[in-house]
file data_10.pdb (PDB, C-alpha atoms)
MODEL        1
ATOM      1  CA  MET A   1      76.483 -12.360  25.046  1.00  0.00           C
ATOM      2  CA  LYS A   2      79.550 -12.374  27.267  1.00  0.00           C
ATOM      3  CA  LYS A   3      79.312 -13.412  30.892  1.00  0.00           C
ATOM      4  CA  ARG A   4      80.532  -9.977  31.980  1.00  0.00           C
ATOM      5  CA  SER A   5      77.762  -8.255  30.000  1.00  0.00           C
ATOM      6  CA  VAL A   6      75.089 -10.363  31.698  1.00  0.00           C
ATOM      7  CA  VAL A   7      76.493  -9.523  35.130  1.00  0.00           C
ATOM      8  CA  GLU A   8      76.687  -5.833  34.230  1.00  0.00           C
ATOM      9  CA  MET A   9      73.052  -5.859  33.064  1.00  0.00           C
ATOM     10  CA  LEU A  10      71.985  -7.621  36.262  1.00  0.00           C
ATOM     11  CA  VAL A  11      73.820  -5.091  38.436  1.00  0.00           C
ATOM     12  CA  LEU A  12      72.352  -2.204  36.417  1.00  0.00           C
ATOM     13  CA  SER A  13      68.851  -3.660  36.815  1.00  0.00           C
ATOM     14  CA  VAL A  14      69.268  -3.963  40.586  1.00  0.00           C
ATOM     15  CA  VAL A  15      70.626  -0.413  40.851  1.00  0.00           C
ATOM     16  CA  LEU A  16      67.697   0.923  38.784  1.00  0.00           C
ATOM     17  CA  ALA A  17      65.181  -0.990  40.925  1.00  0.00           C
ATOM     18  CA  ILE A  18      66.712   0.434  44.106  1.00  0.00           C
ATOM     19  CA  ALA A  19      66.734   3.960  42.626  1.00  0.00           C
ATOM     20  CA  LEU A  20      63.066   3.675  41.631  1.00  0.00           C
ATOM     21  CA  GLY A  21      62.214   2.393  45.100  1.00  0.00           C
ATOM     22  CA  ILE A  22      64.001   5.349  46.697  1.00  0.00           C
ATOM     23  CA  LEU A  23      62.205   7.781  44.374  1.00  0.00           C
ATOM     24  CA  ALA A  24      58.812   6.207  45.134  1.00  0.00           C
ATOM     25  CA  GLY A  25      59.542   6.323  48.861  1.00  0.00           C
ATOM     26  CA  ALA A  26      60.621   9.967  48.632  1.00  0.00           C
ATOM     27  CA  TYR A  27      57.448  10.774  46.683  1.00  0.00           C
ATOM     28  CA  PHE A  28      55.193   9.265  49.357  1.00  0.00           C
ATOM     29  CA  VAL A  29      57.146  10.892  52.190  1.00  0.00           C
ATOM     30  CA  THR A  30      56.905  14.279  50.459  1.00  0.00           C
ATOM     31  CA  VAL A  31      53.327  14.059  49.176  1.00  0.00           C
ATOM     32  CA  GLY A  32      51.910  11.742  51.822  1.00  0.00           C
ATOM     33  CA  VAL A  33      49.348   9.014  51.389  1.00  0.00           C
ATOM     34  CA  SER A  34      46.204  11.098  51.781  1.00  0.00           C
ATOM     35  CA  ALA A  35      43.162  10.022  49.787  1.00  0.00           C
ATOM     36  CA  ARG A  36      41.880  13.599  49.658  1.00  0.00           C
ATOM     37  CA  PRO A  37      43.448  14.865  46.395  1.00  0.00           C
ATOM     38  CA  GLN A  38      42.426  13.568  42.994  1.00  0.00           C
ATOM     39  CA  PRO A  39      45.008  11.429  41.170  1.00  0.00           C
ATOM     40  CA  GLY A  40      46.995  13.328  38.548  1.00  0.00           C
ATOM     41  CA  LYS A  41      46.619  12.813  34.788  1.00  0.00           C
ATOM     42  CA  VAL A  42      49.634  10.487  34.470  1.00  0.00           C
ATOM     43  CA  GLU A  43      48.484   8.301  37.374  1.00  0.00           C
ATOM     44  CA  THR A  44      44.932   8.183  36.020  1.00  0.00           C
ATOM     45  CA  ILE A  45      45.967   7.270  32.472  1.00  0.00           C
ATOM     46  CA  ALA A  46      48.423   4.626  33.685  1.00  0.00           C
ATOM     47  CA  ALA A  47      45.870   3.065  36.042  1.00  0.00           C
ATOM     48  CA  GLN A  48      43.136   2.989  33.380  1.00  0.00           C
ATOM     49  CA  LEU A  49      45.504   1.479  30.821  1.00  0.00           C
ATOM     50  CA  VAL A  50      46.707  -1.280  33.136  1.00  0.00           C
ATOM     51  CA  ARG A  51      43.179  -1.999  34.404  1.00  0.00           C
ATOM     52  CA  GLY A  52      41.815  -2.180  30.868  1.00  0.00           C
ATOM     53  CA  ILE A  53      44.484  -4.572  29.643  1.00  0.00           C
ATOM     54  CA  ALA A  54      44.203  -6.784  32.734  1.00  0.00           C
ATOM     55  CA  ILE A  55      40.420  -7.055  32.538  1.00  0.00           C
ATOM     56  CA  ARG A  56      40.134  -7.495  28.766  1.00  0.00           C
ATOM     57  CA  THR A  57      42.568 -10.421  28.786  1.00  0.00           C
ATOM     58  CA  ARG A  58      40.415 -12.217  31.370  1.00  0.00           C
ATOM     59  CA  VAL A  59      37.001 -11.638  29.796  1.00  0.00           C
ATOM     60  CA  ARG A  60      37.805 -12.132  26.113  1.00  0.00           C
ATOM     61  CA  GLY A  61      34.976 -14.044  24.446  1.00  0.00           C
ATOM     62  CA  LEU A  62      32.556 -13.915  27.397  1.00  0.00           C
ATOM     63  CA  THR A  63      28.978 -12.862  26.786  1.00  0.00           C
ATOM     64  CA  ASN A  64      26.151 -11.994  29.136  1.00  0.00           C
ATOM     65  CA  PRO A  65      24.070 -15.146  29.754  1.00  0.00           C
ATOM     66  CA  VAL A  66      21.166 -13.100  31.196  1.00  0.00           C
ATOM     67  CA  GLN A  67      18.665 -11.829  28.680  1.00  0.00           C
ATOM     68  CA  ALA A  68      17.447  -8.280  29.296  1.00  0.00           C
ATOM     69  CA  SER A  69      13.834  -8.023  30.401  1.00  0.00           C
ATOM     70  CA  ALA A  70      11.760  -5.581  32.411  1.00  0.00           C
ATOM     71  CA  THR A  71      12.005  -7.882  35.445  1.00  0.00           C
ATOM     72  CA  VAL A  72      15.791  -8.257  35.218  1.00  0.00           C
ATOM     73  CA  ILE A  73      16.251  -4.497  34.820  1.00  0.00           C
ATOM     74  CA  LYS A  74      13.954  -3.792  37.799  1.00  0.00           C
ATOM     75  CA  GLU A  75      15.884  -6.294  39.966  1.00  0.00           C
ATOM     76  CA  GLY A  76      19.173  -4.762  38.833  1.00  0.00           C
ATOM     77  CA  ARG A  77      18.035  -1.256  39.739  1.00  0.00           C
ATOM     78  CA  GLY A  78      16.969  -2.434  43.188  1.00  0.00           C
ATOM     79  CA  HIS A  79      20.261  -4.214  43.750  1.00  0.00           C
ATOM     80  CA  PHE A  80      22.180  -1.129  42.596  1.00  0.00           C
ATOM     81  CA  ALA A  81      20.209   1.087  45.001  1.00  0.00           C
ATOM     82  CA  ASP A  82      20.897  -1.314  47.901  1.00  0.00           C
ATOM     83  CA  GLN A  83      24.537  -2.192  47.252  1.00  0.00           C
ATOM     84  CA  CYS A  84      26.141   0.344  44.907  1.00  0.00           C
ATOM     85  CA  ALA A  85      24.476   3.726  45.400  1.00  0.00           C
ATOM     86  CA  VAL A  86      26.285   4.410  48.683  1.00  0.00           C
ATOM     87  CA  CYS A  87      29.447   5.074  46.643  1.00  0.00           C
ATOM     88  CA  HIS A  88      28.178   5.557  43.087  1.00  0.00           C
ATOM     89  CA  GLY A  89      24.980   7.504  43.892  1.00  0.00           C
ATOM     90  CA  ASN A  90      21.498   6.571  42.701  1.00  0.00           C
ATOM     91  CA  ASP A  91      22.162   8.626  39.577  1.00  0.00           C
ATOM     92  CA  GLY A  92      25.574   6.984  38.962  1.00  0.00           C
ATOM     93  CA  SER A  93      27.484  10.260  39.437  1.00  0.00           C
ATOM     94  CA  GLY A  94      29.699   9.027  42.263  1.00  0.00           C
ATOM     95  CA  ASN A  95      28.877  12.285  44.028  1.00  0.00           C
ATOM     96  CA  THR A  96      28.207  10.825  47.478  1.00  0.00           C
ATOM     97  CA  GLU A  97      30.033  11.250  50.765  1.00  0.00           C
ATOM     98  CA  SER A  98      31.538   7.780  50.396  1.00  0.00           C
ATOM     99  CA  GLY A  99      32.279   8.184  46.690  1.00  0.00           C
ATOM    100  CA  ARG A 100      34.088  11.491  47.208  1.00  0.00           C
ATOM    101  CA  GLY A 101      36.168   9.967  50.013  1.00  0.00           C
ATOM    102  CA  LEU A 102      37.685   7.223  47.853  1.00  0.00           C
ATOM    103  CA  TYR A 103      41.048   7.409  46.084  1.00  0.00           C
ATOM    104  CA  PRO A 104      40.513   7.586  43.247  1.00  0.00           C
ATOM    105  CA  ARG A 105      36.978   8.953  43.568  1.00  0.00           C
ATOM    106  CA  ALA A 106      34.087   6.691  42.622  1.00  0.00           C
ATOM    107  CA  PRO A 107      33.719   7.135  38.864  1.00  0.00           C
ATOM    108  CA  ASP A 108      30.847   8.939  37.217  1.00  0.00           C
ATOM    109  CA  MET A 109      29.214   5.889  35.696  1.00  0.00           C
ATOM    110  CA  ARG A 110      27.285   8.021  33.238  1.00  0.00           C
ATOM    111  CA  LEU A 111      30.465   8.916  31.330  1.00  0.00           C
ATOM    112  CA  ALA A 112      31.839   7.088  28.288  1.00  0.00           C
ATOM    113  CA  ALA A 113      34.683   5.507  30.295  1.00  0.00           C
ATOM    114  CA  THR A 114      32.096   3.317  32.047  1.00  0.00           C
ATOM    115  CA  GLN A 115      29.310   3.275  29.475  1.00  0.00           C
ATOM    116  CA  ASN A 116      31.660   1.854  26.827  1.00  0.00           C
ATOM    117  CA  LEU A 117      32.671  -1.144  28.964  1.00  0.00           C
ATOM    118  CA  SER A 118      31.243  -4.463  27.838  1.00  0.00           C
ATOM    119  CA  ASP A 119      28.916  -6.528  30.032  1.00  0.00           C
ATOM    120  CA  ALA A 120      31.816  -8.939  30.604  1.00  0.00           C
ATOM    121  CA  GLU A 121      34.138  -6.129  31.744  1.00  0.00           C
ATOM    122  CA  LEU A 122      31.505  -4.744  34.123  1.00  0.00           C
ATOM    123  CA  PHE A 123      30.798  -8.229  35.473  1.00  0.00           C
ATOM    124  CA  TYR A 124      34.514  -8.816  36.093  1.00  0.00           C
ATOM    125  CA  ILE A 125      34.864  -5.501  37.961  1.00  0.00           C
ATOM    126  CA  ILE A 126      31.816  -6.184  40.139  1.00  0.00           C
ATOM    127  CA  GLU A 127      32.790  -9.783  40.883  1.00  0.00           C
ATOM    128  CA  ASN A 128      36.504  -9.192  41.502  1.00  0.00           C
ATOM    129  CA  GLY A 129      36.810  -5.539  42.473  1.00  0.00           C
ATOM    130  CA  VAL A 130      39.718  -3.319  41.473  1.00  0.00           C
ATOM    131  CA  ARG A 131      42.869  -3.257  43.561  1.00  0.00           C
ATOM    132  CA  LEU A 132      44.065   0.021  45.023  1.00  0.00           C
ATOM    133  CA  THR A 133      40.623   1.599  44.671  1.00  0.00           C
ATOM    134  CA  GLY A 134      37.597   1.436  46.912  1.00  0.00           C
ATOM    135  CA  MET A 135      35.867  -1.050  44.594  1.00  0.00           C
ATOM    136  CA  PRO A 136      35.387  -4.318  46.488  1.00  0.00           C
ATOM    137  CA  GLY A 137      34.962  -7.700  44.874  1.00  0.00           C
ATOM    138  CA  TRP A 138      31.419  -8.903  45.508  1.00  0.00           C
ATOM    139  CA  SER A 139      31.839 -12.530  44.425  1.00  0.00           C
ATOM    140  CA  THR A 140      31.499 -15.257  47.023  1.00  0.00           C
ATOM    141  CA  GLY A 141      33.397 -17.694  44.823  1.00  0.00           C
ATOM    142  CA  THR A 142      30.254 -19.741  44.232  1.00  0.00           C
ATOM    143  CA  LYS A 143      28.033 -20.043  41.182  1.00  0.00           C
ATOM    144  CA  GLU A 144      25.228 -18.244  43.034  1.00  0.00           C
ATOM    145  CA  GLY A 145      27.197 -15.131  43.695  1.00  0.00           C
TER     146      GLY A 145
ENDMDL
END
call {"tool": "encode", "arguments": {"input": "data_10.pdb", "output": "structure tokens"}}
result
Amino acid sequence: MKKRSVVEMLVLSVVLAIALGILAGAYFVTVGVSARPQPGKVETIAAQLVRGIAIRTRVRGLTNPVQASATVIKEGRGHFADQCAVCHGNDGSGNTESGRGLYPRAPDMRLAATQNLSDAELFYIIENGVRLTGMPGWSTGTKEG
């Protein structure tokens, strides 16, 4: 490739980056940054795609070390009611005052989009949170939690 072609590609890349930045800025100035509306279809699909790829690459090959038992399930339900239900609702619907106030809204955990996640994917989300959503990371960085 000629030196001039490389420079032209670099200049074109910078111009495109600036143009995209201006368009994004104009979008936010026009639409605002309110968390009240639901994200559109394109934003939702893009976010789910990126989140899925990012999480799956980090949890590949992990399995749940905790064996299911009545005691573990009971403890999990109690923990969910104490820590998660404020946003996700006791029924998992996300239909709570806090859940409806998030952008995007707290997901309905009863739907396939959540039910089809592996234990490793769910663990990663709970431990690390999800950027640009209301989902916090609950890990303390220690083995205990």
call {"tool": "residues_around", "arguments": {"input": "data_10.pdb", "residues": "A:Val66", "least_positions_apart": "6", "cutoff": "12 Å", "atoms": "only C-alpha atoms", "output": "list in words"}}
result
Val72, Ile73, Gly76, Asp119, Ala120 and Phe123 of chain A
call {"tool": "atom_distance", "arguments": {"input": "data_10.pdb", "atom1": "atom CA of A:Gln38", "atom2": "atom CA of A:Ser93"}}
result
15.7 Å
call {"tool": "resolve_selection", "arguments": {"input": "data_10.pdb", "expression": "the PyMOL selection byres ((chain A and resi 84) around 12)", "output": "MDAnalysis selection string"}}
result
chainID A and resid 76:83 85:94 96 98:99 106:107 109 126 134:138
call {"tool": "atom_distance", "arguments": {"input": "data_10.pdb", "atom1": "atom CA of A:Ala46", "atom2": "atom CA of A:Pro104"}}
result
12.8 Å
call {"tool": "resolve_selection", "arguments": {"input": "data_10.pdb", "expression": "the PyMOL selection byres ((chain A and resi 24-37) around 9)", "output": "list in words"}}
result
Ala19, Leu20, Gly21, Ile22, Leu23, Gln38, Pro39, Gly40, Arg100, Gly101, Leu102, Tyr103, Pro104 and Arg105 of chain A
call {"tool": "closest_residue", "arguments": {"input": "data_10.pdb", "among": "A:Ile55, A:Asn95, A:Asn64, A:Tyr124", "to": "A:Arg110", "atoms": "all atoms listed in the file"}}
result
A:Asn95
call {"tool": "atom_distance", "arguments": {"input": "data_10.pdb", "atom1": "atom CA of A:Gln115", "atom2": "atom CA of A:Thr140"}}
result
25.6 Å
call {"tool": "closest_residue", "arguments": {"input": "data_10.pdb", "among": "A:Leu49, A:Val42, A:Met9, A:Val15", "to": "A:Ala113", "atoms": "all atoms listed in the file"}}
result
A:Leu49
call {"tool": "closest_residue", "arguments": {"input": "data_10.pdb", "among": "A:Ala17, A:Val11, A:Val6, A:Ala54", "to": "A:Ile125", "atoms": "only C-alpha atoms"}}
result
A:Ala54
